Amino acid sequence: MTSSRAPLTAEDRSAWRQSIAVAIPTSAYGISFGALGVLAGLDLWQTCVLSLLMFSGGSQFAFIGVIASGGLAAAPTAIASAALLGVRNAAYAVRMNPVVGLSWWHRIAAAQFTIDESTAVALAHTESRARRIGFWATGLAIYVGWNLGTLLGGVLGDVLGDVRAYGLDAAAAAAFLALLWPRLRSRQAIAVGAAAAVVAAALTPWLMPGLPVMLAAVVAIVVGWFNWLGRPTTTAGEETR
């Protein structure tokens with residue numbers, strides 16, 4: 001009896017490889033969150049619940065960062081900061097809606113796994129099935145790995161000491177940059193990334209967590225929309241020289 005499922009293409013296999021390559025360092029970064037969450041004053045179960053339900057690294061770190069500096073009295077500010085960073089996931093959801101599957105339950109389930117990494121791996125491909133593989137494989141792998149890392153970090157927090165010294169945050173960022181780098185093939189794409197990075201870095205010391213990311217996104221949209229450094233468009237019949 002033969003299977004009706006089409007064999008994997010080269011792009012499908014690439015999506016699987018990229019999913020694993022991104023999931024491993026990102027999941028390891030969950031160890032940092034677990035340890036820092038407990039050090040910030042949260043119980044182990046509270047730290048784990050944040051990863052299970054919130055599952056957005058930037059929002060989670062913003063939350064515990066505010067709690068660590070202001071205690072439980074700063075909870076409203078912590079929630080606001082986490083919510084601001086979480087807004088980007090809603091924008092991702094709009095883009096991922098036609099990618100994740102046609103059924104309503106696919107779209108409901110996808111909400112929990114719509115994060116930076118799953119979106120980036122999906123959009124790194126052009127074929128529909130490769131995009132679905134990239135989204136679901138990355139999202140599910142990171143969800144499992146991140147929550148296991150959170151539990152491990154929370155349990156071993158005292159033993160590990162200052163987990164920031166291990167550079168796990170840099171490992172996750174490096175994996176994301178490696179995924180993004182091949183897409184920076186034009187001056188316009190480089191300009192968008194550079195402008196957003198400069199704005200985010202410059203505003204981070206001055207604004208509450210979440211706002212620099214949102215403002216950087218606005219700058220990226222403006223630079224991308226006007227296509228200042230892109231190729232000039234030509235009218236029908238006009239030759240490029």
# chains A, B, ... in the order shown; residues from 1 in each chain; ligands from 1
$ residues_around --residues "Ala110 of chain A" --least-positions-apart "4" --cutoff "7 Å" --atoms "only C-alpha atoms" --output "PyMOL selection string"
chain A and resi 100+106+114
$ residues_around --residues "Phe113 of chain A" --least-positions-apart "6" --cutoff "12 Å" --atoms "only C-alpha atoms" --output "NGL selection string"
:A and (51-57 or 89-90 or 92-93 or 96 or 100 or 106-107 or 119 or 122 or 134-144 or 146)
$ residues_around --residues "Val99 of chain A" --least-positions-apart "6" --cutoff "7 Å" --atoms "only C-alpha atoms" --output "list in words"
Ser128, Arg131 and Arg132 of chain A
$ atom_distance --atom1 "atom CA of Ile190 of chain A" --atom2 "atom CA of Leu215 of chain A"
17.7 Å
$ residues_around --residues "Ala62 of chain A" --least-positions-apart "3" --cutoff "7 Å" --atoms "only C-alpha atoms" --output "compact mmCIF listing (two decimals) with N, CA and C atoms, in the first residue's frame"
# COMPACT_ATOMS: atom_id res chain seq x y z
N GLY A 58 10.94 37.56 24.94
CA GLY A 58 11.12 38.97 25.22
C GLY A 58 10.15 39.48 26.27
N SER A 59 8.89 39.09 26.17
CA SER A 59 7.89 39.51 27.14
C SER A 59 8.19 38.94 28.52
N GLY A 65 12.24 41.29 34.66
CA GLY A 65 13.17 42.40 34.85
C GLY A 65 12.55 43.51 35.68
N VAL A 66 11.29 43.82 35.39
CA VAL A 66 10.60 44.85 36.16
C VAL A 66 10.31 44.35 37.57
N ALA A 78 5.13 45.68 35.04
CA ALA A 78 5.69 44.47 34.43
C ALA A 78 4.73 43.90 33.40
N SER A 81 4.73 46.15 30.29
CA SER A 81 5.94 45.96 29.49
C SER A 81 5.86 44.67 28.69
N ALA A 82 5.41 43.60 29.34
CA ALA A 82 5.28 42.32 28.64
C ALA A 82 4.26 42.41 27.52
N PRO A 209 10.57 48.68 28.90
CA PRO A 209 10.69 47.55 27.99
C PRO A 209 9.46 47.42 27.09
$ closest_residue --among "A:Ala220, A:Leu207, A:Ala15, A:Ala91" --to "Ile133 of chain A" --atoms "only C-alpha atoms"
A:Ala15
$ select_by_dssp --residues "segment 10-56 of chain A" --states "alpha helix (DSSP H)" --output "number ranges by chain"
A: 10-39, 44-49
$ write_last_selection --atoms "C-alpha atoms" --output "mmCIF file, in the first residue's frame"
data_model
loop_
_atom_site.group_PDB
_atom_site.id
_atom_site.type_symbol
_atom_site.label_atom_id
_atom_site.label_comp_id
_atom_site.auth_asym_id
_atom_site.auth_seq_id
_atom_site.Cartn_x
_atom_site.Cartn_y
_atom_site.Cartn_z
ATOM 1 C CA ALA A 10 14.964 19.930 -0.683
ATOM 2 C CA GLU A 11 13.234 22.994 0.746
ATOM 3 C CA ASP A 12 11.194 20.840 3.138
ATOM 4 C CA ARG A 13 14.393 19.273 4.447
ATOM 5 C CA SER A 14 15.936 22.717 4.759
ATOM 6 C CA ALA A 15 12.971 23.811 6.874
ATOM 7 C CA TRP A 16 13.494 20.846 9.219
ATOM 8 C CA ARG A 17 17.216 21.602 9.543
ATOM 9 C CA GLN A 18 16.663 25.277 10.240
ATOM 10 C CA SER A 19 13.996 24.459 12.813
ATOM 11 C CA ILE A 20 16.426 22.292 14.764
ATOM 12 C CA ALA A 21 19.275 24.776 14.363
ATOM 13 C CA VAL A 22 17.157 27.591 15.810
ATOM 14 C CA ALA A 23 15.365 25.519 18.465
ATOM 15 C CA ILE A 24 18.478 24.220 20.237
ATOM 16 C CA PRO A 25 20.096 27.547 21.241
ATOM 17 C CA THR A 26 16.741 29.213 21.864
ATOM 18 C CA SER A 27 15.674 26.390 24.165
ATOM 19 C CA ALA A 28 18.965 26.648 26.025
ATOM 20 C CA TYR A 29 18.191 30.321 26.603
ATOM 21 C CA GLY A 30 15.176 29.123 28.607
ATOM 22 C CA ILE A 31 17.635 28.032 31.304
ATOM 23 C CA SER A 32 18.527 31.692 31.803
ATOM 24 C CA PHE A 33 14.887 32.635 32.172
ATOM 25 C CA GLY A 34 14.227 29.901 34.716
ATOM 26 C CA ALA A 35 17.186 30.898 36.870
ATOM 27 C CA LEU A 36 16.542 34.645 36.617
ATOM 28 C CA GLY A 37 12.831 34.195 37.290
ATOM 29 C CA VAL A 38 13.528 32.464 40.600
ATOM 30 C CA LEU A 39 16.211 35.008 41.485
ATOM 31 C CA LEU A 44 9.499 27.814 40.636
ATOM 32 C CA TRP A 45 5.910 27.040 39.671
ATOM 33 C CA GLN A 46 5.206 30.701 38.872
ATOM 34 C CA THR A 47 8.273 30.841 36.648
ATOM 35 C CA CYS A 48 7.238 27.646 34.846
ATOM 36 C CA VAL A 49 3.652 28.844 34.371
#
